[in-house]
$ cat coords34.cif   # mmCIF, C-alpha atoms
data_entry
#
loop_
_atom_site.label_atom_id
_atom_site.label_comp_id
_atom_site.auth_asym_id
_atom_site.auth_seq_id
_atom_site.Cartn_x
_atom_site.Cartn_y
_atom_site.Cartn_z
CA MET Q 125 -1.21 -12.53 -20.19
CA SER Q 126 -3.90 -13.24 -17.65
CA GLY Q 127 -4.42 -13.01 -13.94
CA VAL Q 128 -4.49 -10.42 -11.22
CA ALA Q 129 -1.50 -8.65 -9.69
CA ARG Q 130 -0.46 -5.46 -7.92
CA LEU Q 131 0.37 -3.15 -10.85
CA PHE Q 132 1.89 0.23 -11.64
CA SER Q 133 3.28 2.02 -14.69
CA ALA Q 134 6.68 3.65 -14.74
CA LEU Q 135 9.57 5.06 -16.68
CA VAL Q 136 12.83 3.19 -16.13
CA PRO Q 137 15.98 5.31 -16.49
CA PRO Q 138 18.69 3.89 -18.76
CA GLU Q 139 22.01 2.60 -17.44
CA HIS Q 140 23.99 5.79 -18.20
CA VAL Q 141 21.60 7.83 -16.03
CA LEU Q 142 21.73 5.30 -13.19
CA ARG Q 143 25.54 5.29 -13.47
CA SER Q 144 25.56 9.09 -13.13
CA LEU Q 145 23.30 8.87 -10.09
CA ARG Q 146 25.46 6.14 -8.56
CA ALA Q 147 28.55 8.36 -8.97
CA GLU Q 148 26.76 11.32 -7.37
CA LEU Q 149 25.67 9.24 -4.37
CA ALA Q 150 29.22 7.87 -4.00
CA ARG Q 151 30.60 11.41 -4.12
CA HIS Q 152 28.62 12.13 -0.95
CA SER Q 153 29.45 8.90 0.86
CA GLU Q 154 30.10 10.94 4.01
CA GLY Q 155 26.39 11.76 4.16
CA PRO Q 156 24.44 10.42 7.14
CA SER Q 157 23.08 6.94 6.58
CA GLU Q 158 21.77 5.95 10.01
CA GLY Q 159 18.14 4.94 9.74
CA LEU Q 160 18.08 4.99 5.91
CA ARG Q 161 17.11 1.99 3.76
CA TRP Q 162 18.46 2.59 0.27
CA SER Q 163 16.39 1.37 -2.66
CA ALA Q 164 17.95 -1.26 -4.90
CA GLU Q 165 19.36 0.32 -8.04
CA LYS Q 166 17.93 -2.50 -10.14
CA GLY Q 167 14.36 -1.50 -9.28
CA ARG Q 168 14.67 2.29 -9.56
CA HIS Q 169 11.91 3.86 -11.61
CA VAL Q 170 9.66 6.92 -11.99
CA THR Q 171 6.09 5.90 -11.15
CA LEU Q 172 3.45 7.31 -13.48
CA GLY Q 173 0.37 5.51 -12.18
CA PHE Q 174 -0.35 3.06 -9.37
CA TYR Q 175 -3.27 0.70 -9.98
CA GLY Q 176 -3.25 -1.59 -6.96
CA THR Q 177 -4.49 -5.13 -7.44
CA ASP Q 178 -5.85 -5.30 -10.97
CA ASP Q 179 -6.39 -7.60 -13.94
CA LEU Q 180 -3.22 -7.69 -16.05
CA ALA Q 181 -4.86 -7.89 -19.48
CA SER Q 182 -7.46 -5.22 -18.73
CA ARG Q 183 -4.93 -2.76 -17.32
CA ALA Q 184 -2.51 -3.37 -20.20
CA GLY Q 185 -5.26 -2.66 -22.73
CA TRP Q 186 -6.36 0.45 -20.85
CA LEU Q 187 -2.80 1.77 -20.66
CA ARG Q 188 -2.08 1.01 -24.33
CA ALA Q 189 -5.12 3.05 -25.37
CA ARG Q 190 -4.28 5.95 -23.02
CA LEU Q 191 -0.67 6.19 -24.24
CA ALA Q 192 -1.49 5.98 -27.96
CA GLY Q 193 -0.07 8.93 -29.85
CA LEU Q 194 1.94 10.38 -26.96
CA GLY Q 195 5.52 11.44 -27.56
CA ALA Q 196 8.59 10.35 -25.63
CA PRO Q 197 9.57 12.88 -22.96
CA VAL Q 198 13.12 14.18 -22.76
CA LEU Q 199 14.04 13.78 -19.08
CA ARG Q 200 16.77 14.27 -16.53
CA LEU Q 201 17.14 13.69 -12.81
CA GLU Q 202 17.54 16.98 -11.02
CA GLY Q 203 18.13 17.81 -7.37
CA GLY Q 204 16.78 15.97 -4.38
CA GLY Q 205 14.01 16.28 -1.87
CA THR Q 206 11.97 14.50 0.77
CA PHE Q 207 8.41 13.69 1.67
CA ARG Q 208 6.79 11.24 4.08
CA GLY Q 209 10.01 9.46 5.02
CA VAL Q 210 11.29 9.25 1.43
CA LEU Q 211 14.48 10.67 -0.09
CA TRP Q 212 14.12 11.18 -3.83
CA ALA Q 213 15.79 12.60 -6.92
CA GLY Q 214 13.56 14.98 -8.84
CA VAL Q 215 12.64 14.31 -12.47
CA ARG Q 216 12.15 17.10 -15.00
CA GLY Q 217 11.15 16.89 -18.59
CA SER Q 218 9.17 18.12 -21.52
CA GLY Q 219 6.07 16.00 -22.06
CA LEU Q 220 6.23 14.36 -18.63
CA ALA Q 221 3.04 15.93 -17.25
CA ALA Q 222 0.95 14.76 -20.22
CA LEU Q 223 2.35 11.25 -19.91
CA ALA Q 224 1.61 11.12 -16.18
CA GLU Q 225 -1.93 12.36 -16.76
CA ALA Q 226 -2.53 9.66 -19.37
CA ALA Q 227 -1.28 6.93 -17.01
CA ARG Q 228 -3.19 8.24 -13.98
CA PRO Q 229 -5.95 5.88 -12.85
CA GLY Q 230 -9.47 7.22 -12.51
CA GLY Q 231 -10.23 8.59 -9.07
CA ASP Q 232 -6.60 9.53 -8.30
CA ASP Q 233 -6.69 13.22 -7.41
CA HIS Q 234 -3.22 13.41 -5.85
CA PRO Q 235 -0.92 15.89 -7.57
CA PHE Q 236 1.81 14.23 -9.64
CA HIS Q 237 5.30 14.82 -8.26
CA ALA Q 238 7.84 13.23 -10.60
CA HIS Q 239 10.57 11.57 -8.58
CA LEU Q 240 12.83 8.54 -8.32
CA THR Q 241 12.91 7.06 -4.80
CA LEU Q 242 16.44 6.69 -3.42
CA ALA Q 243 15.90 5.77 0.23
CA ARG Q 244 13.32 5.48 2.96
CA GLY Q 245 13.82 6.27 6.59
CA SER Q 246 12.34 7.52 9.79
CA ARG Q 247 15.20 9.91 10.58
CA HIS Q 248 14.16 13.24 9.11
CA PRO Q 249 17.60 14.89 9.67
CA ALA Q 250 19.35 12.22 7.56
CA LEU Q 251 16.80 12.57 4.76
CA THR Q 252 17.07 16.36 4.81
CA ALA Q 253 20.87 16.25 4.82
CA TRP Q 254 20.90 14.02 1.75
CA ALA Q 255 18.39 16.23 -0.05
CA ARG Q 256 20.77 19.17 0.51
CA LEU Q 257 23.73 17.12 -0.76
CA LEU Q 258 21.82 16.35 -3.96
CA SER Q 259 20.49 19.88 -4.52
CA ASP Q 260 22.89 20.68 -7.39
CA TYR Q 261 22.77 17.26 -9.07
CA ARG Q 262 21.77 17.07 -12.74
CA SER Q 263 21.89 13.77 -14.61
CA PRO Q 264 22.46 13.44 -18.32
CA GLU Q 265 19.27 13.77 -20.35
CA TRP Q 266 17.54 10.74 -21.76
CA ILE Q 267 14.62 10.08 -24.06
CA ALA Q 268 12.06 7.90 -22.29
CA GLY Q 269 10.96 5.90 -25.32
CA GLU Q 270 8.67 3.52 -23.47
CA VAL Q 271 6.37 3.15 -20.49
CA THR Q 272 6.65 -0.10 -18.57
CA LEU Q 273 3.73 -1.83 -16.84
CA LEU Q 274 5.18 -3.57 -13.77
CA ARG Q 275 3.89 -6.01 -11.22
CA SER Q 276 5.01 -5.56 -7.63
CA ASP Q 277 5.56 -8.60 -5.43
CA PRO Q 278 6.41 -8.14 -1.73
CA GLY Q 279 9.37 -10.04 -0.34
CA ARG Q 280 11.67 -10.11 2.65
CA GLY Q 281 14.11 -7.61 1.19
CA GLY Q 282 11.39 -5.32 -0.15
CA HIS Q 283 9.32 -5.46 -3.30
CA THR Q 284 10.49 -7.05 -6.53
CA TYR Q 285 9.29 -5.64 -9.82
CA THR Q 286 8.59 -7.70 -12.92
CA THR Q 287 7.88 -6.26 -16.35
CA VAL Q 288 4.41 -7.20 -17.59
CA GLU Q 289 4.47 -5.20 -20.83
CA ARG Q 290 6.28 -2.30 -22.49
CA PHE Q 291 4.53 0.42 -24.49
CA ALA Q 292 6.54 2.33 -27.08
CA LEU Q 293 6.05 6.08 -27.20
CA GLY Q 294 6.18 8.31 -30.27
CA ARG Q 295 8.76 10.83 -31.37
CA PRO Q 296 10.55 12.80 -28.65
CA VAL Q 297 8.65 15.78 -27.30
CA ASP Q 298 10.24 19.09 -28.35
CA GLY Q 299 11.72 21.25 -25.66
CA GLU Q 300 14.22 21.12 -22.87
CA PRO Q 301 13.51 19.38 -19.60
CA SER Q 302 11.79 22.04 -17.52
#
$ encode --input "coords34.cif" --output "structure tokens"
Amino acid sequence: MSGVARLFSALVPPEHVLRSLRAELARHSEGPSEGLRWSAEKGRHVTLGFYGTDDLASRAGWLRARLAGLGAPVLRLEGGGTFRGVLWAGVRGSGLAALAEAARPGGDDHPFHAHLTLARGSRHPALTAWARLLSDYRSPEWIAGEVTLLRSDPGRGGHTYTTVERFALGRPVDGEPS
């Protein structure tokens, strides 16, 4: 693995969680969609750290060292919300904050807000309406057993994400998703 690319680390929900989310979104198909661009299900993820344009081998080595010894968080998608033109599903879980801190690049002082992006749009009322529709949603739990380092390549239909490397996590973290 060599070269430079636009990189980020993420947790990728398993199929049964995405299926649950798909069913919840379909249940609210009457929700307003004007002005919303829905994210492709195939690329849905929970970003832990964004690294920008970086050397693949160096970032992979850095991330491997930072994740060493960390347990796998027990997660679930929960509720919905918005910020800066984004509709998202919230993510809750034991061990998630420690994992995000380990994957955070130096110099990033933004607070971590665990979420899975569902749609983008400029119409605030549509985003807010969908956040309300998702307020009671709870996905099945899952154990996030690995962190994925992804490269992001822009394209006409949005970004495509390619797995660079996967990093196995340790035993599940005790506790309920909080």
$ residues_around --input "coords34.cif" --residues "range 258-261 of chain Q" --least-positions-apart "4" --cutoff "10 Å" --atoms "all atoms listed in the file" --output "ChimeraX atom specification"
/Q:144-145,148-149,152,201-205,212-214,252-254
$ atom_distance --input "coords34.cif" --atom1 "CA of Leu293 in chain Q" --atom2 "CA of Thr177 in chain Q"
25.0 Å
$ closest_residue --input "coords34.cif" --among "Q:Val288, Q:Val136, Q:Leu160, Q:Leu187" --to "Gly230 in chain Q" --atoms "only C-alpha atoms"
Q:Leu187
$ closest_residue --input "coords34.cif" --among "Q:His239, Q:His234, Q:Arg183, Q:Arg290" --to "Leu199 in chain Q" --atoms "all atoms listed in the file"
Q:His239
$ resolve_selection --input "coords34.cif" --expression "the PyMOL selection byres ((chain Q and resi 172) around 10)" --output "PyMOL selection string"
chain Q and resi 132-135+169-171+173-174+220-221+223-229+236-239+271-273
$ atom_distance --input "coords34.cif" --atom1 "CA of Ala129 in chain Q" --atom2 "CA of Asp178 in chain Q"
5.6 Å
